[in-house]
>>> print(open('start_30.pdb').read())   # PDB, C-alpha atoms, pLDDT in the B column
ATOM      1  CA  MET Y   1     -21.203  29.175 -15.749  1.00 56.00           C
ATOM      2  CA  ARG Y   2     -19.330  31.414 -18.100  1.00 69.00           C
ATOM      3  CA  GLY Y   3     -15.823  30.129 -18.838  1.00 69.00           C
ATOM      4  CA  ARG Y   4     -16.650  26.544 -17.844  1.00 69.00           C
ATOM      5  CA  THR Y   5     -16.103  23.644 -20.213  1.00 68.00           C
ATOM      6  CA  GLN Y   6     -17.469  20.147 -20.713  1.00 68.00           C
ATOM      7  CA  GLN Y   7     -14.093  18.977 -21.986  1.00 68.00           C
ATOM      8  CA  VAL Y   8     -13.028  15.563 -20.701  1.00 62.00           C
ATOM      9  CA  PHE Y   9      -9.546  15.736 -19.194  1.00 58.00           C
ATOM     10  CA  PHE Y  10      -9.253  12.142 -17.948  1.00 56.00           C
ATOM     11  CA  SER Y  11     -10.699   8.880 -19.161  1.00 59.00           C
ATOM     12  CA  PRO Y  12     -11.584   5.945 -16.857  1.00 56.00           C
ATOM     13  CA  GLU Y  13      -9.727   3.659 -19.273  1.00 62.00           C
ATOM     14  CA  GLU Y  14      -6.515   5.473 -18.363  1.00 59.00           C
ATOM     15  CA  GLY Y  15      -6.588   4.268 -14.754  1.00 55.00           C
ATOM     16  CA  GLU Y  16      -2.957   3.239 -14.779  1.00 54.00           C
ATOM     17  CA  ASN Y  17      -1.989   6.836 -15.499  1.00 52.00           C
ATOM     18  CA  TYR Y  18      -3.226   7.891 -12.068  1.00 63.00           C
ATOM     19  CA  LEU Y  19      -0.298   6.141 -10.374  1.00 72.00           C
ATOM     20  CA  TYR Y  20       2.892   7.793  -9.284  1.00 77.00           C
ATOM     21  CA  SER Y  21       5.670   7.439 -11.822  1.00 75.00           C
ATOM     22  CA  TYR Y  22       7.767   5.415  -9.353  1.00 83.00           C
ATOM     23  CA  ALA Y  23       4.915   3.105  -8.258  1.00 87.00           C
ATOM     24  CA  TYR Y  24       5.470  -0.629  -8.650  1.00 92.00           C
ATOM     25  CA  GLU Y  25       3.369  -2.713 -11.030  1.00 91.00           C
ATOM     26  CA  VAL Y  26       1.524  -5.092  -8.700  1.00 93.00           C
ATOM     27  CA  ASP Y  27      -1.075  -7.817  -9.187  1.00 93.00           C
ATOM     28  CA  VAL Y  28      -3.686  -7.833  -6.411  1.00 91.00           C
ATOM     29  CA  GLY Y  29      -4.201 -11.522  -7.167  1.00 94.00           C
ATOM     30  CA  ASN Y  30      -0.688 -12.281  -5.886  1.00 97.00           C
ATOM     31  CA  ARG Y  31      -1.196 -12.833  -2.150  1.00 98.00           C
ATOM     32  CA  VAL Y  32       1.777 -13.251   0.137  1.00 99.00           C
ATOM     33  CA  GLU Y  33       2.068 -13.236   3.916  1.00 98.00           C
ATOM     34  CA  PHE Y  34       4.879 -13.092   6.443  1.00 99.00           C
ATOM     35  CA  ASP Y  35       5.267 -13.229  10.220  1.00 98.00           C
ATOM     36  CA  ALA Y  36       6.548  -9.983  11.729  1.00 98.00           C
ATOM     37  CA  ALA Y  37       6.739 -11.166  15.344  1.00 97.00           C
ATOM     38  CA  ASP Y  38      10.544 -11.222  15.575  1.00 96.00           C
ATOM     39  CA  MET Y  39      11.280  -8.418  13.107  1.00 98.00           C
ATOM     40  CA  GLU Y  40      12.295  -4.810  13.726  1.00 98.00           C
ATOM     41  CA  ILE Y  41      10.046  -1.999  12.486  1.00 98.00           C
ATOM     42  CA  SER Y  42      12.360  -0.921   9.669  1.00 98.00           C
ATOM     43  CA  ASP Y  43      12.784  -4.543   8.553  1.00 98.00           C
ATOM     44  CA  ILE Y  44       9.001  -4.992   8.345  1.00 98.00           C
ATOM     45  CA  ASN Y  45       8.580  -1.836   6.259  1.00 98.00           C
ATOM     46  CA  GLN Y  46      11.452  -2.859   3.967  1.00 98.00           C
ATOM     47  CA  LYS Y  47       9.911  -6.327   3.595  1.00 98.00           C
ATOM     48  CA  ILE Y  48       6.576  -4.773   2.548  1.00 98.00           C
ATOM     49  CA  ARG Y  49       8.330  -2.599  -0.044  1.00 97.00           C
ATOM     50  CA  GLY Y  50      10.375  -5.550  -1.302  1.00 98.00           C
ATOM     51  CA  LEU Y  51       7.244  -7.651  -1.770  1.00 98.00           C
ATOM     52  CA  MET Y  52       5.590  -4.797  -3.670  1.00 97.00           C
ATOM     53  CA  GLU Y  53       8.668  -4.516  -5.885  1.00 96.00           C
ATOM     54  CA  GLN Y  54       8.308  -8.233  -6.707  1.00 97.00           C
ATOM     55  CA  GLY Y  55       4.757  -7.537  -7.954  1.00 96.00           C
ATOM     56  CA  ASN Y  56       2.751  -8.789  -4.980  1.00 97.00           C
ATOM     57  CA  GLY Y  57      -0.426  -6.755  -4.637  1.00 95.00           C
ATOM     58  CA  HIS Y  58      -1.982  -8.419  -1.576  1.00 97.00           C
ATOM     59  CA  ILE Y  59       0.354  -8.443   1.420  1.00 98.00           C
ATOM     60  CA  VAL Y  60      -0.609  -9.882   4.809  1.00 98.00           C
ATOM     61  CA  VAL Y  61       1.516  -9.017   7.852  1.00 99.00           C
ATOM     62  CA  LYS Y  62       0.935 -11.465  10.696  1.00 98.00           C
ATOM     63  CA  ASN Y  63       1.698 -10.664  14.342  1.00 98.00           C
ATOM     64  CA  PRO Y  64       2.651  -6.986  14.064  1.00 98.00           C
ATOM     65  CA  SER Y  65       2.752  -6.963  17.903  1.00 96.00           C
ATOM     66  CA  ALA Y  66       1.503  -3.354  18.279  1.00 96.00           C
ATOM     67  CA  LYS Y  67       4.705  -1.975  16.758  1.00 97.00           C
ATOM     68  CA  HIS Y  68       4.615   1.695  15.817  1.00 97.00           C
ATOM     69  CA  SER Y  69       4.906   3.215  12.322  1.00 97.00           C
ATOM     70  CA  LEU Y  70       4.225   0.100  10.253  1.00 98.00           C
ATOM     71  CA  GLY Y  71       3.169   0.475   6.626  1.00 97.00           C
ATOM     72  CA  VAL Y  72       3.890   4.199   6.477  1.00 97.00           C
ATOM     73  CA  GLY Y  73       4.601   6.258   3.377  1.00 95.00           C
ATOM     74  CA  ILE Y  74       3.236   3.756   0.845  1.00 95.00           C
ATOM     75  CA  LEU Y  75       2.231   5.474  -2.399  1.00 93.00           C
ATOM     76  CA  ASN Y  76       1.179   2.378  -4.326  1.00 92.00           C
ATOM     77  CA  ARG Y  77      -2.069   0.579  -5.040  1.00 91.00           C
ATOM     78  CA  LEU Y  78      -2.285  -2.715  -3.162  1.00 93.00           C
ATOM     79  CA  ASN Y  79      -4.251  -4.590  -0.518  1.00 96.00           C
ATOM     80  CA  LEU Y  80      -2.396  -4.469   2.793  1.00 98.00           C
ATOM     81  CA  GLU Y  81      -3.635  -6.494   5.769  1.00 98.00           C
ATOM     82  CA  PHE Y  82      -2.351  -6.546   9.326  1.00 98.00           C
ATOM     83  CA  GLU Y  83      -3.468  -9.554  11.369  1.00 98.00           C
ATOM     84  CA  GLY Y  84      -3.013  -8.183  14.863  1.00 96.00           C
ATOM     85  CA  SER Y  85      -2.676  -4.840  16.622  1.00 95.00           C
ATOM     86  CA  LEU Y  86      -0.783  -1.870  15.236  1.00 94.00           C
ATOM     87  CA  GLY Y  87       0.956   0.713  17.367  1.00 94.00           C
ATOM     88  CA  TYR Y  88       0.771   4.452  16.927  1.00 95.00           C
ATOM     89  CA  PHE Y  89       1.171   6.076  13.511  1.00 95.00           C
ATOM     90  CA  GLY Y  90       0.453   2.854  11.607  1.00 96.00           C
ATOM     91  CA  VAL Y  91      -0.254   3.212   7.874  1.00 96.00           C
ATOM     92  CA  GLY Y  92       0.201   6.978   8.000  1.00 94.00           C
ATOM     93  CA  LEU Y  93       1.076   9.191   5.043  1.00 94.00           C
ATOM     94  CA  ILE Y  94      -0.252   6.706   2.476  1.00 94.00           C
ATOM     95  CA  ASP Y  95      -1.963   7.192  -0.866  1.00 90.00           C
ATOM     96  CA  GLY Y  96      -3.206   4.131  -2.699  1.00 88.00           C
ATOM     97  CA  PRO Y  97      -3.376   1.066  -0.450  1.00 93.00           C
ATOM     98  CA  ASN Y  98      -6.571  -0.548   0.785  1.00 94.00           C
ATOM     99  CA  VAL Y  99      -5.746  -1.356   4.403  1.00 96.00           C
ATOM    100  CA  HIS Y 100      -7.449  -3.884   6.669  1.00 96.00           C
ATOM    101  CA  ILE Y 101      -6.399  -4.235  10.325  1.00 95.00           C
TER     102      ILE Y 101
END
>>> encode(input="start_30.pdb", output="structure tokens")
Amino acid sequence: MRGRTQQVFFSPEEGENYLYSYAYEVDVGNRVEFDAADMEISDINQKIRGLMEQGNGHIVVKNPSAKHSLGVGILNRLNLEFEGSLGYFGVGLIDGPNVHI
């Protein structure tokens, strides 16, 4: 144990400091939902990012219709729900969201 330290490097009270510098400030109490049935994949992903930018921290995507690559690359804390089937590669490359499908 030589060379080890008991020094505290992070404090639980500094939870907001664990976010990426470009992460949006969201409130998980703000719940919003939208219907993705007639939307293209890129439009759905842009809609999710736009809602996060507005401060919505609980986003529900209805009728994703088994589309591929939905909800990918999100590096933000939020609750993300998909009410329906996702295609391949859904919610890949993420760090932060709690996802429910």
>>> atom_distance(input="start_30.pdb", atom1="atom CA of Gly29 of chain Y", atom2="atom CA of Phe89 of chain Y")
27.7 Å
>>> residues_around(input="start_30.pdb", residues="Ile41 of chain Y", least_positions_apart="4", cutoff="8 Å", atoms="all atoms listed in the file", output="VMD selection string")
chain Y and resid 45 67 to 70
>>> closest_residue(input="start_30.pdb", among="Y:Phe82, Y:Ile74, Y:His100, Y:Pro64", to="Asp38 of chain Y", atoms="all atoms listed in the file")
Y:Pro64
>>> closest_residue(input="start_30.pdb", among="Y:Ala37, Y:Val32, Y:Val91, Y:Leu19", to="Val72 of chain Y", atoms="all atoms listed in the file")
Y:Val91
>>> closest_residue(input="start_30.pdb", among="Y:Glu81, Y:Asn76, Y:Tyr22, Y:Arg31", to="Val61 of chain Y", atoms="all atoms listed in the file")
Y:Glu81
>>> atom_distance(input="start_30.pdb", atom1="atom CA of Ala66 of chain Y", atom2="atom CA of Ile48 of chain Y")
16.6 Å
>>> atom_distance(input="start_30.pdb", atom1="atom CA of Asn63 of chain Y", atom2="atom CA of Glu83 of chain Y")
6.1 Å
>>> closest_residue(input="start_30.pdb", among="Y:Gly50, Y:Leu78, Y:Met39, Y:Ser85", to="Val26 of chain Y", atoms="all atoms listed in the file")
Y:Leu78
>>> closest_residue(input="start_30.pdb", among="Y:Leu93, Y:Gly71, Y:Tyr88, Y:Ile59", to="Val28 of chain Y", atoms="all atoms listed in the file")
Y:Ile59
>>> residues_around(input="start_30.pdb", residues="Arg77 of chain Y", least_positions_apart="5", cutoff="8 Å", atoms="all atoms listed in the file", output="MDAnalysis selection string")
chainID Y and resid 19 26 57 95:98
>>> closest_residue(input="start_30.pdb", among="Y:Gly73, Y:Ile94, Y:Tyr20, Y:Ser65", to="Asp35 of chain Y", atoms="only C-alpha atoms")
Y:Ser65
